[in-house]
$ cat my_file.cif   # mmCIF, C-alpha atoms
data_entry
loop_
_atom_site.label_atom_id
_atom_site.label_comp_id
_atom_site.auth_asym_id
_atom_site.auth_seq_id
_atom_site.Cartn_x
_atom_site.Cartn_y
_atom_site.Cartn_z
CA MET X 343 24.07 136.26 -22.09
CA PHE X 344 22.52 139.69 -21.91
CA ASP X 345 21.75 142.37 -19.41
CA LEU X 346 18.15 143.58 -19.76
CA ASP X 347 17.61 147.31 -19.13
CA GLY X 348 19.49 149.39 -21.67
CA THR X 349 20.72 146.29 -23.51
CA LEU X 350 17.71 144.33 -24.76
CA LEU X 351 15.01 146.82 -23.77
CA ASP X 352 15.03 150.60 -23.87
CA THR X 353 13.91 151.44 -20.34
CA TYR X 354 15.60 154.82 -19.90
CA ASP X 355 12.35 156.82 -19.88
CA LEU X 356 10.68 154.27 -17.60
CA LEU X 357 13.47 154.28 -15.03
CA LEU X 358 14.00 158.03 -15.01
CA SER X 359 10.31 158.79 -14.72
CA THR X 360 9.91 156.35 -11.85
CA PHE X 361 12.98 157.61 -9.97
CA ARG X 362 11.71 161.17 -10.33
CA HIS X 363 8.29 160.19 -8.98
CA ALA X 364 9.61 158.21 -6.01
CA THR X 365 12.19 160.75 -4.85
CA ARG X 366 9.81 163.68 -5.19
CA LYS X 367 7.02 161.89 -3.34
CA VAL X 368 9.12 160.43 -0.52
CA LEU X 369 11.93 163.00 -0.16
CA GLY X 370 9.98 166.04 -1.26
CA GLU X 371 12.70 167.22 -3.61
CA ALA X 372 13.74 166.98 -7.24
CA LEU X 373 17.18 165.41 -7.60
CA PRO X 374 19.38 165.82 -10.71
CA ASP X 375 18.75 163.22 -13.38
CA GLU X 376 22.44 162.29 -13.38
CA GLN X 377 22.22 161.41 -9.69
CA LEU X 378 19.04 159.43 -10.15
CA MET X 379 20.51 157.29 -12.94
CA ALA X 380 24.07 156.89 -11.67
CA LYS X 381 23.65 153.36 -10.29
CA VAL X 382 21.36 151.90 -12.96
CA GLY X 383 22.63 148.38 -13.50
CA GLN X 384 22.56 147.46 -9.82
CA PRO X 385 19.48 146.28 -7.88
CA LEU X 386 16.97 148.92 -6.85
CA VAL X 387 17.60 148.27 -3.16
CA VAL X 388 21.25 149.22 -3.71
CA GLN X 389 20.46 152.30 -5.77
CA MET X 390 18.08 153.75 -3.20
CA TRP X 391 20.80 153.96 -0.55
CA ASP X 392 22.28 156.79 -2.62
CA PHE X 393 19.33 158.96 -1.59
CA THR X 394 19.05 158.23 2.14
CA ASP X 395 20.77 156.50 5.04
CA ASP X 396 17.49 155.99 6.89
CA GLU X 397 16.21 152.42 6.51
CA SER X 398 12.55 153.35 6.75
CA VAL X 399 12.94 156.06 4.10
CA HIS X 400 14.90 153.63 1.92
CA ASP X 401 12.16 151.04 2.15
CA GLU X 402 9.48 153.62 1.34
CA LEU X 403 11.45 154.80 -1.71
CA CYS X 404 11.56 151.20 -2.97
CA ARG X 405 7.85 150.69 -2.29
CA VAL X 406 6.76 153.87 -4.04
CA TYR X 407 9.12 153.21 -6.95
CA ARG X 408 7.80 149.70 -7.53
CA GLU X 409 4.18 150.74 -7.17
CA HIS X 410 4.52 153.54 -9.72
CA ASN X 411 6.74 151.51 -12.05
CA ALA X 412 4.10 148.80 -12.30
CA LEU X 413 1.49 151.40 -13.31
CA VAL X 414 3.49 153.08 -16.09
CA HIS X 415 5.63 150.11 -17.19
CA ASP X 416 3.86 149.15 -20.39
CA ASP X 417 3.47 152.76 -21.56
CA LEU X 418 7.11 153.84 -21.16
CA ILE X 419 9.14 150.72 -21.98
CA LYS X 420 10.36 150.15 -25.55
CA VAL X 421 12.38 147.56 -27.41
CA PHE X 422 15.46 148.64 -29.34
CA PRO X 423 14.78 148.55 -33.10
CA ASP X 424 17.30 145.79 -33.85
CA THR X 425 16.93 143.67 -30.71
CA ARG X 426 14.69 141.09 -32.34
CA ASP X 427 16.83 140.86 -35.48
CA MET X 428 19.91 140.24 -33.32
CA LEU X 429 18.18 137.49 -31.36
CA ASP X 430 16.91 135.87 -34.56
CA ARG X 431 20.43 135.80 -35.99
CA LEU X 432 21.91 134.35 -32.80
CA LYS X 433 19.24 131.67 -32.62
CA ASP X 434 19.78 130.85 -36.31
CA ALA X 435 23.44 130.35 -35.45
CA GLY X 436 22.38 127.71 -32.89
CA LEU X 437 23.48 129.62 -29.80
CA PRO X 438 21.88 129.15 -26.37
CA LEU X 439 20.89 132.49 -24.85
CA GLY X 440 20.22 133.78 -21.36
CA VAL X 441 19.48 136.98 -19.45
CA VAL X 442 21.32 138.05 -16.29
CA THR X 443 19.81 141.22 -14.86
CA SER X 444 19.81 143.25 -11.66
CA LYS X 445 16.04 143.61 -12.00
CA ARG X 446 13.85 141.23 -10.02
CA HIS X 447 12.70 138.15 -11.91
CA GLU X 448 8.99 138.97 -12.23
CA PRO X 449 9.27 142.52 -13.64
CA ALA X 450 12.15 141.41 -15.88
CA MET X 451 9.94 138.69 -17.37
CA ARG X 452 7.12 141.22 -17.74
CA GLY X 453 9.34 143.31 -20.00
CA LEU X 454 10.40 140.34 -22.12
CA ASP X 455 6.84 139.07 -22.40
CA LEU X 456 5.54 142.49 -23.43
CA PHE X 457 7.57 142.25 -26.62
CA ALA X 458 7.34 138.44 -27.02
CA LEU X 459 11.09 138.02 -26.39
CA ALA X 460 11.02 135.46 -23.56
CA GLY X 461 10.99 132.53 -25.97
CA TYR X 462 14.45 133.37 -27.24
CA PHE X 463 16.04 132.66 -23.87
CA ASP X 464 16.86 129.46 -22.02
CA PHE X 465 16.82 131.18 -18.63
CA LEU X 466 16.60 134.48 -16.79
CA VAL X 467 18.61 135.22 -13.65
CA GLY X 468 17.12 138.13 -11.69
CA SER X 469 18.40 139.90 -8.59
CA ASP X 470 16.15 137.69 -6.44
CA ASP X 471 17.48 134.48 -8.04
CA TRP X 472 21.06 134.72 -6.76
CA PRO X 473 22.55 136.00 -3.48
CA GLU X 474 25.12 138.27 -5.17
CA HIS X 475 24.46 141.06 -7.60
CA LYS X 476 26.46 142.87 -10.26
CA PRO X 477 29.22 144.08 -10.23
CA ALA X 478 30.00 140.84 -8.33
CA PRO X 479 30.61 138.03 -10.83
CA GLY X 480 28.31 135.48 -9.17
CA PRO X 481 25.13 135.98 -11.23
CA VAL X 482 27.03 135.86 -14.53
CA ALA X 483 29.01 132.80 -13.43
CA HIS X 484 25.70 131.17 -12.47
CA GLY X 485 24.41 131.96 -15.95
CA CYS X 486 27.42 130.18 -17.46
CA ALA X 487 26.58 127.12 -15.38
CA LEU X 488 22.99 127.23 -16.61
CA LEU X 489 24.30 127.32 -20.17
CA GLY X 490 26.52 124.35 -19.37
CA ARG X 491 29.57 126.16 -20.69
CA SER X 492 32.83 127.40 -19.24
CA PRO X 493 32.95 131.17 -18.63
CA GLY X 494 35.71 131.58 -21.19
CA SER X 495 33.38 130.30 -23.91
CA CYS X 496 30.54 132.69 -22.97
CA LEU X 497 29.91 136.30 -23.94
CA TYR X 498 28.13 138.71 -21.60
CA VAL X 499 26.64 141.83 -23.20
CA GLY X 500 25.73 144.87 -21.13
CA ASP X 501 25.43 148.64 -21.22
CA SER X 502 26.72 149.55 -17.74
CA PRO X 503 30.16 149.47 -16.14
CA PHE X 504 28.69 147.05 -13.57
CA ASP X 505 27.86 144.62 -16.38
CA ILE X 506 31.39 144.66 -17.76
CA GLN X 507 32.88 144.32 -14.28
CA ALA X 508 30.67 141.30 -13.54
CA GLY X 509 31.35 139.62 -16.87
CA ASN X 510 35.09 140.16 -16.66
CA GLY X 511 35.13 138.98 -13.07
CA ALA X 512 33.33 135.78 -14.05
CA GLY X 513 35.97 135.10 -16.71
CA CYS X 514 33.65 135.70 -19.66
CA LEU X 515 34.22 137.56 -22.87
CA THR X 516 32.36 140.87 -22.55
CA ALA X 517 30.74 143.26 -25.00
CA ALA X 518 29.95 146.87 -24.14
CA ALA X 519 26.58 147.95 -25.54
CA LEU X 520 27.04 151.55 -26.61
CA TRP X 521 23.34 151.99 -27.43
CA GLY X 522 22.39 151.85 -23.74
CA MET X 523 22.44 154.27 -20.82
CA PHE X 524 26.15 154.82 -20.17
CA PRO X 525 28.73 156.75 -22.21
CA ARG X 526 31.43 155.01 -24.21
CA LYS X 527 34.19 156.36 -21.96
CA ALA X 528 32.70 154.76 -18.83
CA LEU X 529 32.36 151.38 -20.56
CA VAL X 530 35.73 151.32 -22.31
CA ALA X 531 37.40 152.09 -18.95
CA GLU X 532 36.27 148.64 -17.74
CA ARG X 533 38.17 146.91 -20.59
CA PRO X 534 35.43 144.97 -22.35
CA THR X 535 36.56 142.38 -24.88
CA PHE X 536 34.42 144.02 -27.55
CA VAL X 537 32.78 147.39 -28.02
CA CYS X 538 29.56 147.23 -30.04
CA GLY X 539 27.69 150.21 -31.44
CA SER X 540 24.50 148.31 -32.20
CA CYS X 541 22.72 145.04 -31.50
CA SER X 542 23.55 143.88 -35.00
CA GLU X 543 27.27 144.14 -34.22
CA VAL X 544 26.81 141.57 -31.44
CA ALA X 545 25.31 139.07 -33.89
CA SER X 546 28.10 139.80 -36.35
CA LEU X 547 30.68 138.69 -33.76
CA PHE X 548 29.34 135.15 -33.96
CA GLU X 549 28.71 135.18 -37.68
CA GLY X 550 32.35 136.16 -38.01
CA GLY X 551 33.49 133.01 -36.23
CA LEU X 552 33.30 133.75 -32.49
CA ARG X 553 32.17 130.65 -30.59
#

$ encode --input "my_file.cif" --output "C-alpha coordinates"
Amino acid sequence: MFDLDGTLLDTYDLLLSTFRHATRKVLGEALPDEQLMAKVGQPLVVQMWDFTDDESVHDELCRVYREHNALVHDDLIKVFPDTRDMLDRLKDAGLPLGVVTSKRHEPAMRGLDLFALAGYFDFLVGSDDWPEHKPAPGPVAHGCALLGRSPGSCLYVGDSPFDIQAGNGAGCLTAAALWGMFPRKALVAERPTFVCGSCSEVASLFEGGLR
(Lines of atoms letter the chains of each structure in order from A and count residues from 1; the text may use other names and numbers.)
(Lines give C-alpha, C1' and ligand atoms only; values in the text may rest on other atoms or scores of the structure.)
Protein backbone atom coordinates (compact mmCIF):
# COMPACT_ATOMS: atom_id res chain seq x y z
CA MET A 1 0.00 0.00 0.00
CA PHE A 2 1.14 3.49 -0.80
CA ASP A 3 0.64 7.03 0.34
CA LEU A 4 -0.05 9.34 -2.61
CA ASP A 5 1.42 12.85 -2.32
CA GLY A 6 5.20 12.71 -2.17
CA THR A 7 5.23 8.94 -2.58
CA LEU A 8 3.60 8.05 -5.90
CA LEU A 9 3.13 11.59 -7.22
CA ASP A 10 5.39 14.62 -6.92
CA THR A 11 2.96 17.22 -5.60
CA TYR A 12 5.37 19.46 -3.68
CA ASP A 13 5.04 22.43 -6.06
CA LEU A 14 1.27 21.98 -6.25
CA LEU A 15 0.77 21.91 -2.48
CA LEU A 16 3.16 24.75 -1.70
CA SER A 17 1.73 27.00 -4.39
CA THR A 18 -1.81 26.37 -3.20
CA PHE A 19 -0.97 26.92 0.48
CA ARG A 20 0.75 30.18 -0.41
CA HIS A 21 -2.28 31.34 -2.40
CA ALA A 22 -4.85 30.43 0.25
CA THR A 23 -3.02 31.91 3.23
CA ARG A 24 -2.17 35.13 1.40
CA LYS A 25 -5.72 35.59 0.14
CA VAL A 26 -7.54 34.71 3.38
CA LEU A 27 -5.04 35.79 6.05
CA GLY A 28 -3.42 38.61 4.13
CA GLU A 29 0.10 37.48 4.98
CA ALA A 30 2.90 35.35 3.59
CA LEU A 31 3.80 32.52 5.96
CA PRO A 32 7.14 30.66 5.87
CA ASP A 33 7.18 27.69 3.52
CA GLU A 34 8.30 25.43 6.36
CA GLN A 35 5.19 26.34 8.33
CA LEU A 36 2.93 25.83 5.34
CA MET A 37 4.26 22.34 4.63
CA ALA A 38 4.77 21.08 8.18
CA LYS A 39 1.61 18.96 8.36
CA VAL A 40 1.55 17.60 4.79
CA GLY A 41 0.47 14.00 5.15
CA GLN A 42 -2.61 14.81 7.23
CA PRO A 43 -6.00 15.91 5.85
CA LEU A 44 -6.31 19.52 4.72
CA VAL A 45 -8.91 20.26 7.39
CA VAL A 46 -6.35 19.31 10.04
CA GLN A 47 -3.52 21.27 8.45
CA MET A 48 -5.51 24.50 8.24
CA TRP A 49 -5.97 24.65 12.02
CA ASP A 50 -2.27 25.49 12.21
CA PHE A 51 -3.05 28.88 10.69
CA THR A 52 -6.14 29.95 12.65
CA ASP A 53 -8.33 29.05 15.60
CA ASP A 54 -11.37 30.75 14.06
CA GLU A 55 -13.74 28.21 12.49
CA SER A 56 -15.03 30.57 9.81
CA VAL A 57 -11.48 31.51 8.78
CA HIS A 58 -10.51 27.83 8.80
CA ASP A 59 -13.40 26.95 6.52
CA GLU A 60 -12.57 29.80 4.16
CA LEU A 61 -8.92 28.69 3.99
CA CYS A 62 -10.08 25.20 2.98
CA ARG A 63 -12.51 26.58 0.40
CA VAL A 64 -9.98 28.89 -1.23
CA TYR A 65 -7.31 26.18 -1.16
CA ARG A 66 -9.54 23.63 -2.88
CA GLU A 67 -10.81 26.10 -5.45
CA HIS A 68 -7.31 27.18 -6.45
CA ASN A 69 -5.89 23.66 -6.28
CA ALA A 70 -8.47 22.43 -8.77
CA LEU A 71 -7.46 25.20 -11.21
CA VAL A 72 -3.70 24.58 -11.14
CA HIS A 73 -3.69 20.84 -10.39
CA ASP A 74 -2.86 19.46 -13.81
CA ASP A 75 -0.16 22.07 -14.49
CA LEU A 76 1.83 21.62 -11.27
CA ILE A 77 1.52 17.91 -10.44
CA LYS A 78 4.17 15.47 -11.67
CA VAL A 79 4.85 11.76 -11.43
CA PHE A 80 8.18 10.58 -10.05
CA PRO A 81 10.39 9.23 -12.86
CA ASP A 82 10.45 5.64 -11.58
CA THR A 83 6.93 5.37 -10.17
CA ARG A 84 5.53 3.51 -13.16
CA ASP A 85 8.51 1.14 -13.38
CA MET A 86 8.07 0.28 -9.70
CA LEU A 87 4.37 -0.43 -10.15
CA ASP A 88 5.05 -2.56 -13.23
CA ARG A 89 7.56 -4.65 -11.30
CA LEU A 90 5.22 -5.11 -8.34
CA LYS A 91 2.35 -6.12 -10.60
CA ASP A 92 4.64 -8.54 -12.47
CA ALA A 93 5.41 -10.09 -9.09
CA GLY A 94 1.67 -10.74 -8.64
CA LEU A 95 1.16 -8.35 -5.73
CA PRO A 96 -2.17 -6.65 -4.97
CA LEU A 97 -1.73 -2.90 -4.54
CA GLY A 98 -3.67 -0.13 -2.84
CA VAL A 99 -3.46 3.56 -1.99
CA VAL A 100 -4.17 4.98 1.48
CA THR A 101 -4.00 8.77 1.44
CA SER A 102 -5.01 11.75 3.55
CA LYS A 103 -6.28 13.44 0.39
CA ARG A 104 -9.99 13.23 -0.37
CA HIS A 105 -10.99 10.42 -2.70
CA GLU A 106 -11.97 12.47 -5.76
CA PRO A 107 -8.84 14.66 -6.06
CA ALA A 108 -6.65 11.64 -5.24
CA MET A 109 -8.20 9.72 -8.14
CA ARG A 110 -7.76 12.78 -10.36
CA GLY A 111 -4.02 12.63 -9.77
CA LEU A 112 -3.80 8.91 -10.48
CA ASP A 113 -5.95 9.22 -13.59
CA LEU A 114 -3.86 12.10 -14.92
CA PHE A 115 -0.91 9.75 -15.26
CA ALA A 116 -2.93 6.58 -16.03
CA LEU A 117 -1.92 4.97 -12.72
CA ALA A 118 -5.35 4.09 -11.30
CA GLY A 119 -5.41 0.72 -13.05
CA TYR A 120 -2.49 -0.54 -11.00
CA PHE A 121 -4.49 -0.37 -7.77
CA ASP A 122 -7.22 -2.54 -6.31
CA PHE A 123 -8.56 0.28 -4.13
CA LEU A 124 -8.01 3.81 -2.89
CA VAL A 125 -8.82 4.89 0.66
CA GLY A 126 -9.16 8.68 0.93
CA SER A 127 -9.67 10.88 3.97
CA ASP A 128 -13.43 10.90 3.28
CA ASP A 129 -13.59 7.08 3.07
CA TRP A 130 -12.70 6.34 6.71
CA PRO A 131 -13.53 8.13 9.98
CA GLU A 132 -9.91 8.22 11.22
CA HIS A 133 -6.95 9.76 9.48
CA LYS A 134 -3.19 9.30 9.63
CA PRO A 135 -1.27 9.16 11.95
CA ALA A 136 -4.07 7.00 13.42
CA PRO A 137 -3.71 3.42 12.13
CA GLY A 138 -7.35 2.99 11.07
CA PRO A 139 -7.09 3.84 7.36
CA VAL A 140 -4.06 1.60 6.87
CA ALA A 141 -5.68 -1.24 8.81
CA HIS A 142 -8.75 -0.81 6.62
CA GLY A 143 -6.51 -1.08 3.57
CA CYS A 144 -5.15 -4.39 4.89
CA ALA A 145 -8.71 -5.67 5.19
CA LEU A 146 -9.43 -4.62 1.62
CA LEU A 147 -6.36 -6.56 0.51
CA GLY A 148 -7.62 -9.55 2.48
CA ARG A 149 -4.29 -9.88 4.27
CA SER A 150 -3.10 -9.60 7.84
CA PRO A 151 -1.29 -6.34 8.65
CA GLY A 152 1.93 -8.20 9.33
CA SER A 153 2.00 -9.41 5.74
CA CYS A 154 1.46 -5.92 4.27
CA LEU A 155 3.92 -3.13 3.51
CA TYR A 156 2.90 0.53 3.74
CA VAL A 157 5.12 3.00 1.88
CA GLY A 158 5.05 6.71 2.68
CA ASP A 159 7.14 9.86 2.74
CA SER A 160 5.88 11.51 5.95
CA PRO A 161 6.29 10.70 9.64
CA PHE A 162 2.48 10.41 9.79
CA ASP A 163 2.63 7.60 7.22
CA ILE A 164 5.18 5.62 9.19
CA GLN A 165 3.28 6.17 12.43
CA ALA A 166 0.05 4.94 10.85
CA GLY A 167 1.65 1.91 9.22
CA ASN A 168 3.51 0.90 12.36
CA GLY A 169 0.40 1.42 14.45
CA ALA A 170 -1.59 -0.85 12.14
CA GLY A 171 1.03 -3.59 12.57
CA CYS A 172 2.34 -3.38 9.01
CA LEU A 173 5.85 -3.42 7.70
CA THR A 174 6.70 0.15 6.72
CA ALA A 175 9.02 1.74 4.18
CA ALA A 176 10.16 5.36 4.41
CA ALA A 177 10.21 7.03 0.99
CA LEU A 178 13.22 9.33 1.04
CA TRP A 179 12.37 10.86 -2.34
CA GLY A 180 9.34 12.67 -0.88
CA MET A 181 8.76 15.82 1.14
CA PHE A 182 10.31 15.02 4.52
CA PRO A 183 13.98 14.68 5.52
CA ARG A 184 15.56 11.33 6.28
CA LYS A 185 16.05 12.23 9.95
CA ALA A 186 12.32 12.84 10.51
CA LEU A 187 11.40 9.52 8.89
CA VAL A 188 14.07 7.37 10.50
CA ALA A 189 12.98 8.70 13.92
CA GLU A 190 9.66 6.86 13.44
CA ARG A 191 11.46 3.49 13.07
CA PRO A 192 10.32 2.31 9.65
CA THR A 193 11.05 -1.31 8.79
CA PHE A 194 12.85 -0.21 5.63
CA VAL A 195 14.37 3.01 4.36
CA CYS A 196 14.21 3.36 0.57
CA GLY A 197 16.03 5.97 -1.47
CA SER A 198 14.02 5.42 -4.64
CA CYS A 199 10.86 3.78 -5.93
CA SER A 200 12.95 1.04 -7.49
CA GLU A 201 14.24 0.05 -4.05
CA VAL A 202 10.66 -0.69 -2.97
CA ALA A 203 10.22 -3.12 -5.87
CA SER A 204 13.57 -4.69 -5.07
CA LEU A 205 12.34 -5.58 -1.57
CA PHE A 206 9.83 -7.99 -3.08
CA GLU A 207 12.09 -9.25 -5.82
CA GLY A 208 14.52 -10.08 -3.04
CA GLY A 209 12.01 -12.37 -1.35
CA LEU A 210 9.80 -10.13 0.82
CA ARG A 211 6.21 -11.41 0.78

$ residues_around --input "my_file.cif" --residues "X:Ala528" --least-positions-apart "4" --cutoff "10 Å" --atoms "all atoms listed in the file" --output "JSON, numbers by chain"
{"X": [501, 502, 503, 518, 524, 532, 533]}

$ write_last_selection --input "my_file.cif" --atoms "C-alpha atoms" --output "mmCIF file, keeping the file's coordinate frame"
data_model
loop_
_atom_site.group_PDB
_atom_site.id
_atom_site.type_symbol
_atom_site.label_atom_id
_atom_site.label_comp_id
_atom_site.auth_asym_id
_atom_site.auth_seq_id
_atom_site.Cartn_x
_atom_site.Cartn_y
_atom_site.Cartn_z
ATOM 1 C CA ASP X 501 25.430 148.640 -21.220
ATOM 2 C CA SER X 502 26.720 149.550 -17.740
ATOM 3 C CA PRO X 503 30.160 149.470 -16.140
ATOM 4 C CA ALA X 518 29.950 146.870 -24.140
ATOM 5 C CA PHE X 524 26.150 154.820 -20.170
ATOM 6 C CA GLU X 532 36.270 148.640 -17.740
ATOM 7 C CA ARG X 533 38.170 146.910 -20.590
#

$ resolve_selection --input "my_file.cif" --expression "the PyMOL selection byres ((chain X and resi 416) around 12)" --output "list in words"
Leu351, Asp352, Thr353, Asp355, Leu356, His410, Asn411, Ala412, Leu413, Val414, His415, Asp417, Leu418, Ile419, Lys420, Val421, Pro449, Arg452, Gly453, Leu454, Asp455, Leu456 and Phe457 of chain X

$ resolve_selection --input "my_file.cif" --expression "the PyMOL selection byres ((chain X and resi 377) around 12)" --output "NGL selection string"
:X and (358 or 361-362 or 365 or 372-376 or 378-382 or 389-393)

$ resolve_selection --input "my_file.cif" --expression "the PyMOL selection byres ((chain X and resi 425) around 10)" --output "number ranges by chain"
X: 349-352, 421-424, 426-430, 459, 540-542

$ residues_around --input "my_file.cif" --residues "X:Ser492" --least-positions-apart "4" --cutoff "12 Å" --atoms "all atoms listed in the file" --output "NGL selection string"
:X and (482-488 or 496-497 or 512-515 or 553)

$ write_last_selection --input "my_file.cif" --atoms "C-alpha atoms" --output "JSON list (two decimals), in the coordinates of the input"
[["chain", "number", "residue", "atom", "x", "y", "z"],
["X", 482, "VAL", "CA", 27.03, 135.86, -14.53],
["X", 483, "ALA", "CA", 29.01, 132.80, -13.43],
["X", 484, "HIS", "CA", 25.70, 131.17, -12.47],
["X", 485, "GLY", "CA", 24.41, 131.96, -15.95],
["X", 486, "CYS", "CA", 27.42, 130.18, -17.46],
["X", 487, "ALA", "CA", 26.58, 127.12, -15.38],
["X", 488, "LEU", "CA", 22.99, 127.23, -16.61],
["X", 496, "CYS", "CA", 30.54, 132.69, -22.97],
["X", 497, "LEU", "CA", 29.91, 136.30, -23.94],
["X", 512, "ALA", "CA", 33.33, 135.78, -14.05],
["X", 513, "GLY", "CA", 35.97, 135.10, -16.71],
["X", 514, "CYS", "CA", 33.65, 135.70, -19.66],
["X", 515, "LEU", "CA", 34.22, 137.56, -22.87],
["X", 553, "ARG", "CA", 32.17, 130.65, -30.59]]

$ closest_residue --input "my_file.cif" --among "X:Ala531, X:Val441, X:Cys404, X:Val368" --to "X:Gly461" --atoms "only C-alpha atoms"
X:Val441

$ closest_residue --input "my_file.cif" --among "X:Leu357, X:Leu547, X:Val537, X:Met343" --to "X:Pro525" --atoms "only C-alpha atoms"
X:Val537

$ atom_distance --input "my_file.cif" --atom1 "atom CA of X:Tyr407" --atom2 "atom CA of X:Lys445"
12.9 Å

$ residues_around --input "my_file.cif" --residues "stretch 431-433 of chain X" --least-positions-apart "5" --cutoff "9 Å" --atoms "only C-alpha atoms" --output "mmCIF file with C-alpha atoms, in the coordinates of the input"
data_model
loop_
_atom_site.group_PDB
_atom_site.id
_atom_site.type_symbol
_atom_site.label_atom_id
_atom_site.label_comp_id
_atom_site.auth_asym_id
_atom_site.auth_seq_id
_atom_site.Cartn_x
_atom_site.Cartn_y
_atom_site.Cartn_z
ATOM 1 C CA ARG X 426 14.690 141.090 -32.340
ATOM 2 C CA PRO X 438 21.880 129.150 -26.370
ATOM 3 C CA LEU X 439 20.890 132.490 -24.850
ATOM 4 C CA TYR X 462 14.450 133.370 -27.240
ATOM 5 C CA SER X 542 23.550 143.880 -35.000
ATOM 6 C CA VAL X 544 26.810 141.570 -31.440
ATOM 7 C CA ALA X 545 25.310 139.070 -33.890
ATOM 8 C CA SER X 546 28.100 139.800 -36.350
ATOM 9 C CA PHE X 548 29.340 135.150 -33.960
ATOM 10 C CA GLU X 549 28.710 135.180 -37.680
#

$ atom_distance --input "my_file.cif" --atom1 "atom CA of X:Thr360" --atom2 "atom CA of X:Ser444"
16.4 Å

$ atom_distance --input "my_file.cif" --atom1 "atom CA of X:Arg446" --atom2 "atom CA of X:Gly383"
11.8 Å

$ residues_around --input "my_file.cif" --residues "X:His475" --least-positions-apart "5" --cutoff "9 Å" --atoms "all atoms listed in the file" --output "short mmCIF file (atom, residue, chain, number, x, y, z; two decimals) with C-alpha atoms, in the coordinates of the input"
data_model
loop_
_atom_site.label_atom_id
_atom_site.label_comp_id
_atom_site.auth_asym_id
_atom_site.auth_seq_id
_atom_site.Cartn_x
_atom_site.Cartn_y
_atom_site.Cartn_z
CA GLN X 384 22.56 147.46 -9.82
CA PRO X 385 19.48 146.28 -7.88
CA THR X 443 19.81 141.22 -14.86
CA SER X 444 19.81 143.25 -11.66
CA GLY X 468 17.12 138.13 -11.69
CA SER X 469 18.40 139.90 -8.59
CA GLY X 480 28.31 135.48 -9.17
CA PRO X 481 25.13 135.98 -11.23
CA ALA X 508 30.67 141.30 -13.54
#

$ closest_residue --input "my_file.cif" --among "X:Arg405, X:His363, X:His447, X:Lys476" --to "X:Gly500" --atoms "only C-alpha atoms"
X:Lys476

$ closest_residue --input "my_file.cif" --among "X:Ile506, X:Leu552, X:Leu369, X:Leu520" --to "X:Pro534" --atoms "only C-alpha atoms"
X:Ile506
